Amino acid sequence: MLFRDRRQAGGKLAETLRTRQREGALPDPLVLALPRGGVAVAREVAAALDAPLDVLVVRKIGAPSQEEFGVGAMAGDEVPLLDEDAMRHLRLSEAALAPVIERERAELRRREALYRQGRPAPDLRGRTVIVVDDGLATGSTARAALRFVRRQAPERVVLAAPVCSPEAAELMRAEADEVICLHRPAAFMAVGLWYENFDQLTDQDVLEALQAQL
């Protein structure tokens, strides 16, 4: 399965979620996108479910000398969720990560302020919260997002993505009430390989998607 772009992938994901909604599995839904890439997918989902759309900013924490090598993630003002195995493998201490965490925290707050434009964060209590991303590789950012959401006392937490590595999808079953992933290729490699067009989105793209739903 190869998706044309995030919009088409979001439409396909929305079809599955609409079926679950008709079955009564998604009462009072609220869609939270993981920006930036997840917003284009989530926009289609929110429209199909007639649900509010908002963002949940999560930042990956990369190793100091290998920024693309994720060793954790953070959401909101929560304590960073670190991968202990990766930390041991790289012989990293939390003290060594402090500058990286500080930088990512600052970027997280910048994006939250920009994307919300003064709007308060949504109240998740008692709702079905559907966390949407454009794909899951390791699942580290999704795990941080789901744990953050769970602490806000929703009624139900659903993770939805067009494509996931089988390992990440399995791990997320312990974090969400339901994991919906359209494609779980055994030879996963990277999220972008499963899209014909996987251009990076900008802050302006995120703002336009959110404003279209308001």
# chains A, B, ... in the order shown; residues from 1 in each chain; ligands from 1

call {"tool": "closest_atom_pairs", "arguments": {"of": "segment 120-165 of chain A", "to": "segment 37-51 of chain A", "cutoff": "12 Å", "atoms": "only C-alpha atoms", "output": "JSON lines"}}
result
{"residue": "A:Arg127", "atom": "CA", "partner": "A:Ala51", "partner_atom": "CA", "distance": 11.1}
{"residue": "A:Thr128", "atom": "CA", "partner": "A:Ala51", "partner_atom": "CA", "distance": 10.2}
{"residue": "A:Val129", "atom": "CA", "partner": "A:Ala51", "partner_atom": "CA", "distance": 10.1}
{"residue": "A:Ile130", "atom": "CA", "partner": "A:Ala42", "partner_atom": "CA", "distance": 9.1}
{"residue": "A:Val131", "atom": "CA", "partner": "A:Ala42", "partner_atom": "CA", "distance": 8.4}
{"residue": "A:Val132", "atom": "CA", "partner": "A:Ala42", "partner_atom": "CA", "distance": 5.7}
{"residue": "A:Asp133", "atom": "CA", "partner": "A:Gly38", "partner_atom": "CA", "distance": 3.9}
{"residue": "A:Asp134", "atom": "CA", "partner": "A:Gly38", "partner_atom": "CA", "distance": 4.6}
{"residue": "A:Gly135", "atom": "CA", "partner": "A:Gly38", "partner_atom": "CA", "distance": 7.9}
{"residue": "A:Leu136", "atom": "CA", "partner": "A:Gly38", "partner_atom": "CA", "distance": 10.4}
{"residue": "A:Thr141", "atom": "CA", "partner": "A:Gly38", "partner_atom": "CA", "distance": 11.8}
{"residue": "A:Ala142", "atom": "CA", "partner": "A:Gly38", "partner_atom": "CA", "distance": 11.0}
{"residue": "A:Leu159", "atom": "CA", "partner": "A:Ala42", "partner_atom": "CA", "distance": 11.2}
{"residue": "A:Ala160", "atom": "CA", "partner": "A:Ala42", "partner_atom": "CA", "distance": 9.0}
{"residue": "A:Ala161", "atom": "CA", "partner": "A:Val41", "partner_atom": "CA", "distance": 8.2}
{"residue": "A:Pro162", "atom": "CA", "partner": "A:Val41", "partner_atom": "CA", "distance": 8.4}
{"residue": "A:Val163", "atom": "CA", "partner": "A:Val41", "partner_atom": "CA", "distance": 11.4}

call {"tool": "closest_atom_pairs", "arguments": {"of": "segment 72-188 of chain A", "to": "segment 52-55 of chain A", "cutoff": "12 Å", "atoms": "only C-alpha atoms", "output": "JSON lines"}}
result
{"residue": "A:Ala75", "atom": "CA", "partner": "A:Val55", "partner_atom": "CA", "distance": 11.2}
{"residue": "A:Gly76", "atom": "CA", "partner": "A:Val55", "partner_atom": "CA", "distance": 11.2}
{"residue": "A:Leu108", "atom": "CA", "partner": "A:Val55", "partner_atom": "CA", "distance": 11.6}
{"residue": "A:Arg111", "atom": "CA", "partner": "A:Val55", "partner_atom": "CA", "distance": 9.9}
{"residue": "A:Glu112", "atom": "CA", "partner": "A:Val55", "partner_atom": "CA", "distance": 8.2}
{"residue": "A:Ala113", "atom": "CA", "partner": "A:Val55", "partner_atom": "CA", "distance": 11.2}
{"residue": "A:Leu114", "atom": "CA", "partner": "A:Val55", "partner_atom": "CA", "distance": 11.1}
{"residue": "A:Tyr115", "atom": "CA", "partner": "A:Val55", "partner_atom": "CA", "distance": 7.7}
{"residue": "A:Arg116", "atom": "CA", "partner": "A:Val55", "partner_atom": "CA", "distance": 8.3}
{"residue": "A:Gln117", "atom": "CA", "partner": "A:Asp54", "partner_atom": "CA", "distance": 11.8}
{"residue": "A:Arg119", "atom": "CA", "partner": "A:Asp54", "partner_atom": "CA", "distance": 10.2}
{"residue": "A:Pro120", "atom": "CA", "partner": "A:Asp54", "partner_atom": "CA", "distance": 10.4}
{"residue": "A:Ala121", "atom": "CA", "partner": "A:Asp54", "partner_atom": "CA", "distance": 8.2}
{"residue": "A:Pro122", "atom": "CA", "partner": "A:Asp54", "partner_atom": "CA", "distance": 7.6}
{"residue": "A:Asp123", "atom": "CA", "partner": "A:Asp54", "partner_atom": "CA", "distance": 10.9}
{"residue": "A:Leu124", "atom": "CA", "partner": "A:Asp54", "partner_atom": "CA", "distance": 11.1}
{"residue": "A:Arg127", "atom": "CA", "partner": "A:Pro52", "partner_atom": "CA", "distance": 11.3}
{"residue": "A:Thr128", "atom": "CA", "partner": "A:Pro52", "partner_atom": "CA", "distance": 11.2}
{"residue": "A:Val129", "atom": "CA", "partner": "A:Pro52", "partner_atom": "CA", "distance": 10.2}
{"residue": "A:Ile130", "atom": "CA", "partner": "A:Leu53", "partner_atom": "CA", "distance": 9.7}
{"residue": "A:Val131", "atom": "CA", "partner": "A:Val55", "partner_atom": "CA", "distance": 9.0}
{"residue": "A:Val132", "atom": "CA", "partner": "A:Val55", "partner_atom": "CA", "distance": 9.3}
{"residue": "A:Asp133", "atom": "CA", "partner": "A:Val55", "partner_atom": "CA", "distance": 10.5}
{"residue": "A:Ala145", "atom": "CA", "partner": "A:Val55", "partner_atom": "CA", "distance": 10.6}
{"residue": "A:Val149", "atom": "CA", "partner": "A:Val55", "partner_atom": "CA", "distance": 11.6}

call {"tool": "residues_around", "arguments": {"residues": "Arg91 of chain A", "least_positions_apart": "5", "cutoff": "12 Å", "atoms": "only C-alpha atoms", "output": "PyMOL selection string"}}
result
chain A and resi 63-65+71+83-86+96-97

call {"tool": "residues_around", "arguments": {"residues": "Met189 of chain A", "least_positions_apart": "3", "cutoff": "12 Å", "atoms": "only C-alpha atoms", "output": "ChimeraX atom specification"}}
result
/A:135-138,163-167,184-186,192-194

call {"tool": "select_by_dssp", "arguments": {"residues": "segment 2-206 of chain A", "states": "strand (DSSP E or B)", "output": "PDB file with N, CA, C and O atoms, in the first residue's frame"}}
result
ATOM      1  N   PHE A   3       0.549   5.452  -0.272  1.00  0.00           N
ATOM      2  CA  PHE A   3      -0.374   6.584  -0.256  1.00  0.00           C
ATOM      3  C   PHE A   3       0.144   7.684  -1.177  1.00  0.00           C
ATOM      4  O   PHE A   3       1.348   7.921  -1.270  1.00  0.00           O
ATOM      5  N   PRO A  29     -16.114  12.541  19.908  1.00  0.00           N
ATOM      6  CA  PRO A  29     -14.705  12.526  19.516  1.00  0.00           C
ATOM      7  C   PRO A  29     -14.064  13.902  19.452  1.00  0.00           C
ATOM      8  O   PRO A  29     -14.710  14.904  19.132  1.00  0.00           O
ATOM      9  N   LEU A  30     -12.778  13.925  19.746  1.00  0.00           N
ATOM     10  CA  LEU A  30     -11.940  15.103  19.581  1.00  0.00           C
ATOM     11  C   LEU A  30     -10.641  14.610  18.952  1.00  0.00           C
ATOM     12  O   LEU A  30     -10.042  13.656  19.445  1.00  0.00           O
ATOM     13  N   VAL A  31     -10.221  15.247  17.870  1.00  0.00           N
ATOM     14  CA  VAL A  31      -9.040  14.799  17.135  1.00  0.00           C
ATOM     15  C   VAL A  31      -7.844  15.674  17.499  1.00  0.00           C
ATOM     16  O   VAL A  31      -7.902  16.901  17.391  1.00  0.00           O
ATOM     17  N   LEU A  32      -6.760  15.031  17.919  1.00  0.00           N
ATOM     18  CA  LEU A  32      -5.518  15.730  18.223  1.00  0.00           C
ATOM     19  C   LEU A  32      -4.449  15.279  17.241  1.00  0.00           C
ATOM     20  O   LEU A  32      -4.116  14.095  17.174  1.00  0.00           O
ATOM     21  N   ALA A  33      -3.917  16.226  16.487  1.00  0.00           N
ATOM     22  CA  ALA A  33      -2.886  15.921  15.501  1.00  0.00           C
ATOM     23  C   ALA A  33      -1.509  16.144  16.095  1.00  0.00           C
ATOM     24  O   ALA A  33      -1.289  17.083  16.862  1.00  0.00           O
ATOM     25  N   LEU A  53     -10.801  19.722  15.782  1.00  0.00           N
ATOM     26  CA  LEU A  53      -9.403  19.405  15.508  1.00  0.00           C
ATOM     27  C   LEU A  53      -8.512  20.344  16.291  1.00  0.00           C
ATOM     28  O   LEU A  53      -8.723  21.553  16.311  1.00  0.00           O
ATOM     29  N   ASP A  54      -7.521  19.770  16.946  1.00  0.00           N
ATOM     30  CA  ASP A  54      -6.514  20.573  17.637  1.00  0.00           C
ATOM     31  C   ASP A  54      -5.181  19.857  17.507  1.00  0.00           C
ATOM     32  O   ASP A  54      -5.103  18.796  16.884  1.00  0.00           O
ATOM     33  N   VAL A  55      -4.152  20.451  18.078  1.00  0.00           N
ATOM     34  CA  VAL A  55      -2.819  19.864  17.980  1.00  0.00           C
ATOM     35  C   VAL A  55      -2.299  19.471  19.357  1.00  0.00           C
ATOM     36  O   VAL A  55      -2.683  20.052  20.371  1.00  0.00           O
ATOM     37  N   VAL A  58       4.481  17.456  20.283  1.00  0.00           N
ATOM     38  CA  VAL A  58       5.404  16.515  20.910  1.00  0.00           C
ATOM     39  C   VAL A  58       6.757  16.701  20.239  1.00  0.00           C
ATOM     40  O   VAL A  58       6.839  16.857  19.014  1.00  0.00           O
ATOM     41  N   ARG A  59       7.812  16.678  21.020  1.00  0.00           N
ATOM     42  CA  ARG A  59       9.147  16.850  20.471  1.00  0.00           C
ATOM     43  C   ARG A  59      10.004  15.621  20.757  1.00  0.00           C
ATOM     44  O   ARG A  59      10.041  15.113  21.872  1.00  0.00           O
ATOM     45  N   LYS A  60      10.656  15.152  19.710  1.00  0.00           N
ATOM     46  CA  LYS A  60      11.614  14.071  19.876  1.00  0.00           C
ATOM     47  C   LYS A  60      12.877  14.612  20.530  1.00  0.00           C
ATOM     48  O   LYS A  60      13.288  15.743  20.258  1.00  0.00           O
ATOM     49  N   ILE A  61      13.486  13.815  21.377  1.00  0.00           N
ATOM     50  CA  ILE A  61      14.759  14.167  21.996  1.00  0.00           C
ATOM     51  C   ILE A  61      15.835  13.323  21.320  1.00  0.00           C
ATOM     52  O   ILE A  61      15.828  12.096  21.421  1.00  0.00           O
ATOM     53  N   GLY A  62      16.739  13.982  20.618  1.00  0.00           N
ATOM     54  CA  GLY A  62      17.796  13.280  19.912  1.00  0.00           C
ATOM     55  C   GLY A  62      19.068  13.225  20.727  1.00  0.00           C
ATOM     56  O   GLY A  62      19.295  14.047  21.621  1.00  0.00           O
ATOM     57  N   ALA A  63      19.887  12.246  20.427  1.00  0.00           N
ATOM     58  CA  ALA A  63      21.190  12.140  21.094  1.00  0.00           C
ATOM     59  C   ALA A  63      22.032  13.362  20.754  1.00  0.00           C
ATOM     60  O   ALA A  63      21.978  13.859  19.628  1.00  0.00           O
ATOM     61  N   GLN A  66      24.065  12.742  17.730  1.00  0.00           N
ATOM     62  CA  GLN A  66      23.324  12.137  16.616  1.00  0.00           C
ATOM     63  C   GLN A  66      21.860  12.540  16.746  1.00  0.00           C
ATOM     64  O   GLN A  66      21.049  11.776  17.230  1.00  0.00           O
ATOM     65  N   GLU A  67      21.534  13.746  16.313  1.00  0.00           N
ATOM     66  CA  GLU A  67      20.213  14.303  16.569  1.00  0.00           C
ATOM     67  C   GLU A  67      19.078  13.467  15.985  1.00  0.00           C
ATOM     68  O   GLU A  67      17.965  13.478  16.498  1.00  0.00           O
ATOM     69  N   GLU A  68      19.343  12.747  14.881  1.00  0.00           N
ATOM     70  CA  GLU A  68      18.295  11.929  14.273  1.00  0.00           C
ATOM     71  C   GLU A  68      18.039  10.644  15.051  1.00  0.00           C
ATOM     72  O   GLU A  68      17.029   9.976  14.830  1.00  0.00           O
ATOM     73  N   PHE A  69      18.946  10.304  15.953  1.00  0.00           N
ATOM     74  CA  PHE A  69      18.787   9.097  16.774  1.00  0.00           C
ATOM     75  C   PHE A  69      17.986   9.471  18.015  1.00  0.00           C
ATOM     76  O   PHE A  69      18.498  10.076  18.947  1.00  0.00           O
ATOM     77  N   GLY A  70      16.712   9.132  18.014  1.00  0.00           N
ATOM     78  CA  GLY A  70      15.840   9.518  19.121  1.00  0.00           C
ATOM     79  C   GLY A  70      16.093   8.691  20.377  1.00  0.00           C
ATOM     80  O   GLY A  70      16.176   7.455  20.311  1.00  0.00           O
ATOM     81  N   VAL A  71      16.222   9.373  21.485  1.00  0.00           N
ATOM     82  CA  VAL A  71      16.394   8.683  22.769  1.00  0.00           C
ATOM     83  C   VAL A  71      15.257   9.020  23.728  1.00  0.00           C
ATOM     84  O   VAL A  71      15.296   8.665  24.902  1.00  0.00           O
ATOM     85  N   GLY A  72      14.242   9.709  23.229  1.00  0.00           N
ATOM     86  CA  GLY A  72      13.102  10.052  24.067  1.00  0.00           C
ATOM     87  C   GLY A  72      12.197  11.052  23.388  1.00  0.00           C
ATOM     88  O   GLY A  72      12.400  11.411  22.225  1.00  0.00           O
ATOM     89  N   ALA A  73      11.189  11.488  24.123  1.00  0.00           N
ATOM     90  CA  ALA A  73      10.238  12.467  23.591  1.00  0.00           C
ATOM     91  C   ALA A  73       9.551  13.156  24.762  1.00  0.00           C
ATOM     92  O   ALA A  73       9.561  12.656  25.894  1.00  0.00           O
ATOM     93  N   MET A  74       8.940  14.300  24.487  1.00  0.00           N
ATOM     94  CA  MET A  74       8.226  15.031  25.538  1.00  0.00           C
ATOM     95  C   MET A  74       6.979  15.686  24.974  1.00  0.00           C
ATOM     96  O   MET A  74       6.906  16.025  23.798  1.00  0.00           O
ATOM     97  N   ALA A  75       5.992  15.849  25.834  1.00  0.00           N
ATOM     98  CA  ALA A  75       4.741  16.518  25.471  1.00  0.00           C
ATOM     99  C   ALA A  75       4.345  17.444  26.608  1.00  0.00           C
ATOM    100  O   ALA A  75       4.498  17.093  27.783  1.00  0.00           O
ATOM    101  N   LEU A  81      10.024  11.533  28.451  1.00  0.00           N
ATOM    102  CA  LEU A  81       9.970  10.076  28.471  1.00  0.00           C
ATOM    103  C   LEU A  81      11.201   9.576  27.721  1.00  0.00           C
ATOM    104  O   LEU A  81      11.294   9.717  26.503  1.00  0.00           O
ATOM    105  N   LEU A  82      12.152   8.982  28.454  1.00  0.00           N
ATOM    106  CA  LEU A  82      13.426   8.583  27.866  1.00  0.00           C
ATOM    107  C   LEU A  82      13.482   7.081  27.621  1.00  0.00           C
ATOM    108  O   LEU A  82      12.897   6.293  28.371  1.00  0.00           O
ATOM    109  N   THR A 128     -13.722  11.039  23.792  1.00  0.00           N
ATOM    110  CA  THR A 128     -12.914  10.096  23.019  1.00  0.00           C
ATOM    111  C   THR A 128     -11.868  10.910  22.281  1.00  0.00           C
ATOM    112  O   THR A 128     -12.196  11.717  21.410  1.00  0.00           O
ATOM    113  N   VAL A 129     -10.619  10.735  22.649  1.00  0.00           N
ATOM    114  CA  VAL A 129      -9.534  11.501  22.047  1.00  0.00           C
ATOM    115  C   VAL A 129      -8.826  10.622  21.022  1.00  0.00           C
ATOM    116  O   VAL A 129      -8.337   9.533  21.350  1.00  0.00           O
ATOM    117  N   ILE A 130      -8.794  11.101  19.795  1.00  0.00           N
ATOM    118  CA  ILE A 130      -8.163  10.364  18.699  1.00  0.00           C
ATOM    119  C   ILE A 130      -6.859  11.080  18.350  1.00  0.00           C
ATOM    120  O   ILE A 130      -6.864  12.196  17.817  1.00  0.00           O
ATOM    121  N   VAL A 131      -5.743  10.464  18.678  1.00  0.00           N
ATOM    122  CA  VAL A 131      -4.425  11.020  18.397  1.00  0.00           C
ATOM    123  C   VAL A 131      -4.001  10.528  17.010  1.00  0.00           C
ATOM    124  O   VAL A 131      -3.962   9.325  16.757  1.00  0.00           O
ATOM    125  N   VAL A 132      -3.686  11.477  16.126  1.00  0.00           N
ATOM    126  CA  VAL A 132      -3.406  11.143  14.729  1.00  0.00           C
ATOM    127  C   VAL A 132      -2.009  11.598  14.332  1.00  0.00           C
ATOM    128  O   VAL A 132      -1.612  12.739  14.600  1.00  0.00           O
ATOM    129  N   LEU A 136       4.026   5.848  12.152  1.00  0.00           N
ATOM    130  CA  LEU A 136       4.775   5.511  13.360  1.00  0.00           C
ATOM    131  C   LEU A 136       5.955   4.628  12.990  1.00  0.00           C
ATOM    132  O   LEU A 136       5.771   3.568  12.378  1.00  0.00           O
ATOM    133  N   ARG A 156     -11.846   7.717  26.502  1.00  0.00           N
ATOM    134  CA  ARG A 156     -11.254   6.694  25.635  1.00  0.00           C
ATOM    135  C   ARG A 156     -10.142   7.334  24.819  1.00  0.00           C
ATOM    136  O   ARG A 156     -10.255   8.484  24.399  1.00  0.00           O
ATOM    137  N   VAL A 157      -9.067   6.584  24.579  1.00  0.00           N
ATOM    138  CA  VAL A 157      -7.932   7.091  23.808  1.00  0.00           C
ATOM    139  C   VAL A 157      -7.682   6.166  22.624  1.00  0.00           C
ATOM    140  O   VAL A 157      -7.505   4.954  22.796  1.00  0.00           O
ATOM    141  N   VAL A 158      -7.682   6.754  21.427  1.00  0.00           N
ATOM    142  CA  VAL A 158      -7.462   5.994  20.198  1.00  0.00           C
ATOM    143  C   VAL A 158      -6.251   6.581  19.479  1.00  0.00           C
ATOM    144  O   VAL A 158      -6.127   7.804  19.356  1.00  0.00           O
ATOM    145  N   LEU A 159      -5.367   5.724  19.023  1.00  0.00           N
ATOM    146  CA  LEU A 159      -4.238   6.156  18.199  1.00  0.00           C
ATOM    147  C   LEU A 159      -4.516   5.726  16.765  1.00  0.00           C
ATOM    148  O   LEU A 159      -4.819   4.555  16.514  1.00  0.00           O
ATOM    149  N   ALA A 160      -4.392   6.669  15.830  1.00  0.00           N
ATOM    150  CA  ALA A 160      -4.697   6.366  14.428  1.00  0.00           C
ATOM    151  C   ALA A 160      -3.599   6.906  13.521  1.00  0.00           C
ATOM    152  O   ALA A 160      -3.176   8.057  13.662  1.00  0.00           O
ATOM    153  N   ALA A 161      -3.154   6.055  12.597  1.00  0.00           N
ATOM    154  CA  ALA A 161      -2.126   6.456  11.634  1.00  0.00           C
ATOM    155  C   ALA A 161      -2.282   5.614  10.370  1.00  0.00           C
ATOM    156  O   ALA A 161      -2.708   4.456  10.443  1.00  0.00           O
ATOM    157  N   PRO A 162      -1.942   6.173   9.220  1.00  0.00           N
ATOM    158  CA  PRO A 162      -2.065   5.402   7.983  1.00  0.00           C
ATOM    159  C   PRO A 162      -1.095   4.226   7.901  1.00  0.00           C
ATOM    160  O   PRO A 162      -1.426   3.178   7.353  1.00  0.00           O
ATOM    161  N   VAL A 163       0.129   4.409   8.423  1.00  0.00           N
ATOM    162  CA  VAL A 163       1.150   3.360   8.312  1.00  0.00           C
ATOM    163  C   VAL A 163       1.970   3.307   9.597  1.00  0.00           C
ATOM    164  O   VAL A 163       2.268   4.344  10.196  1.00  0.00           O
ATOM    165  N   CYS A 164       2.298   2.098  10.020  1.00  0.00           N
ATOM    166  CA  CYS A 164       3.065   1.909  11.259  1.00  0.00           C
ATOM    167  C   CYS A 164       4.007   0.727  11.090  1.00  0.00           C
ATOM    168  O   CYS A 164       3.683  -0.245  10.390  1.00  0.00           O
ATOM    169  N   GLU A 178      -7.374   1.722  21.735  1.00  0.00           N
ATOM    170  CA  GLU A 178      -7.479   1.126  20.408  1.00  0.00           C
ATOM    171  C   GLU A 178      -6.414   1.733  19.515  1.00  0.00           C
ATOM    172  O   GLU A 178      -6.157   2.937  19.565  1.00  0.00           O
ATOM    173  N   VAL A 179      -5.776   0.892  18.713  1.00  0.00           N
ATOM    174  CA  VAL A 179      -4.785   1.347  17.736  1.00  0.00           C
ATOM    175  C   VAL A 179      -5.323   1.015  16.349  1.00  0.00           C
ATOM    176  O   VAL A 179      -5.611  -0.149  16.052  1.00  0.00           O
ATOM    177  N   ILE A 180      -5.475   2.045  15.518  1.00  0.00           N
ATOM    178  CA  ILE A 180      -5.960   1.854  14.153  1.00  0.00           C
ATOM    179  C   ILE A 180      -4.844   2.246  13.198  1.00  0.00           C
ATOM    180  O   ILE A 180      -4.422   3.407  13.154  1.00  0.00           O
ATOM    181  N   CYS A 181      -4.336   1.277  12.483  1.00  0.00           N
ATOM    182  CA  CYS A 181      -3.254   1.501  11.527  1.00  0.00           C
ATOM    183  C   CYS A 181      -3.608   0.748  10.251  1.00  0.00           C
ATOM    184  O   CYS A 181      -3.822  -0.467  10.280  1.00  0.00           O
ATOM    185  N   LEU A 182      -3.684   1.460   9.139  1.00  0.00           N
ATOM    186  CA  LEU A 182      -4.136   0.848   7.893  1.00  0.00           C
ATOM    187  C   LEU A 182      -3.113  -0.112   7.304  1.00  0.00           C
ATOM    188  O   LEU A 182      -3.478  -1.097   6.676  1.00  0.00           O
ATOM    189  N   HIS A 183      -1.847   0.170   7.478  1.00  0.00           N
ATOM    190  CA  HIS A 183      -0.803  -0.621   6.826  1.00  0.00           C
ATOM    191  C   HIS A 183       0.348  -0.833   7.809  1.00  0.00           C
ATOM    192  O   HIS A 183       0.862   0.117   8.377  1.00  0.00           O
ATOM    193  N   TYR A 195       4.732   6.960   1.145  1.00  0.00           N
ATOM    194  CA  TYR A 195       4.028   8.074   0.517  1.00  0.00           C
ATOM    195  C   TYR A 195       4.731   8.448  -0.786  1.00  0.00           C
ATOM    196  O   TYR A 195       5.967   8.539  -0.824  1.00  0.00           O
TER     197      TYR A 195
END

call {"tool": "atom_distance", "arguments": {"atom1": "atom CA of Asp5 of chain A", "atom2": "atom CA of Leu171 of chain A"}}
result
25.8 Å

call {"tool": "closest_residue", "arguments": {"among": "A:Arg147, A:Pro80, A:Glu175, A:Glu170", "to": "Val100 of chain A", "atoms": "only C-alpha atoms"}}
result
A:Pro80

call {"tool": "closest_residue", "arguments": {"among": "A:Arg173, A:Ala168, A:Leu90, A:Ala106", "to": "Phe188 of chain A", "atoms": "only C-alpha atoms"}}
result
A:Ala168

call {"tool": "select_by_dssp", "arguments": {"residues": "segment 106-194 of chain A", "states": "helix (DSSP H, G or I)", "output": "ChimeraX atom specification"}}
result
/A:106-116,140-150,166-172,191-194

call {"tool": "residues_around", "arguments": {"residues": "Ala153 of chain A", "least_positions_apart": "3", "cutoff": "7 Å", "atoms": "only C-alpha atoms", "output": "short mmCIF file (atom, residue, chain, number, x, y, z; two decimals) with all heavy atoms, in the first residue's frame"}}
result
data_model
loop_
_atom_site.label_atom_id
_atom_site.label_comp_id
_atom_site.auth_asym_id
_atom_site.auth_seq_id
_atom_site.Cartn_x
_atom_site.Cartn_y
_atom_site.Cartn_z
N LEU A 124 -10.04 17.59 27.65
CA LEU A 124 -10.16 16.21 27.18
C LEU A 124 -11.00 15.33 28.09
O LEU A 124 -11.30 14.18 27.74
CB LEU A 124 -8.76 15.58 27.05
CG LEU A 124 -7.72 16.37 26.26
CD1 LEU A 124 -6.44 15.54 26.13
CD2 LEU A 124 -8.24 16.78 24.89
N ARG A 125 -11.42 15.85 29.22
CA ARG A 125 -12.12 15.03 30.20
C ARG A 125 -13.40 14.44 29.63
O ARG A 125 -14.25 15.14 29.09
CB ARG A 125 -12.44 15.86 31.45
CG ARG A 125 -11.22 16.21 32.30
CD ARG A 125 -11.58 17.14 33.42
NE ARG A 125 -12.04 18.43 32.90
CZ ARG A 125 -12.43 19.44 33.66
NH1 ARG A 125 -12.45 19.31 34.98
NH2 ARG A 125 -12.82 20.58 33.11
N GLY A 126 -13.51 13.12 29.77
CA GLY A 126 -14.72 12.42 29.38
C GLY A 126 -14.93 12.24 27.89
O GLY A 126 -15.96 11.71 27.47
N ARG A 150 -3.63 10.64 28.37
CA ARG A 150 -4.24 9.79 29.39
C ARG A 150 -4.35 10.51 30.74
O ARG A 150 -5.33 10.33 31.47
CB ARG A 150 -3.41 8.51 29.54
CG ARG A 150 -4.00 7.47 30.45
CD ARG A 150 -5.21 6.81 29.84
NE ARG A 150 -4.87 5.82 28.83
CZ ARG A 150 -5.75 5.12 28.14
NH1 ARG A 150 -7.05 5.33 28.34
NH2 ARG A 150 -5.38 4.25 27.24
#
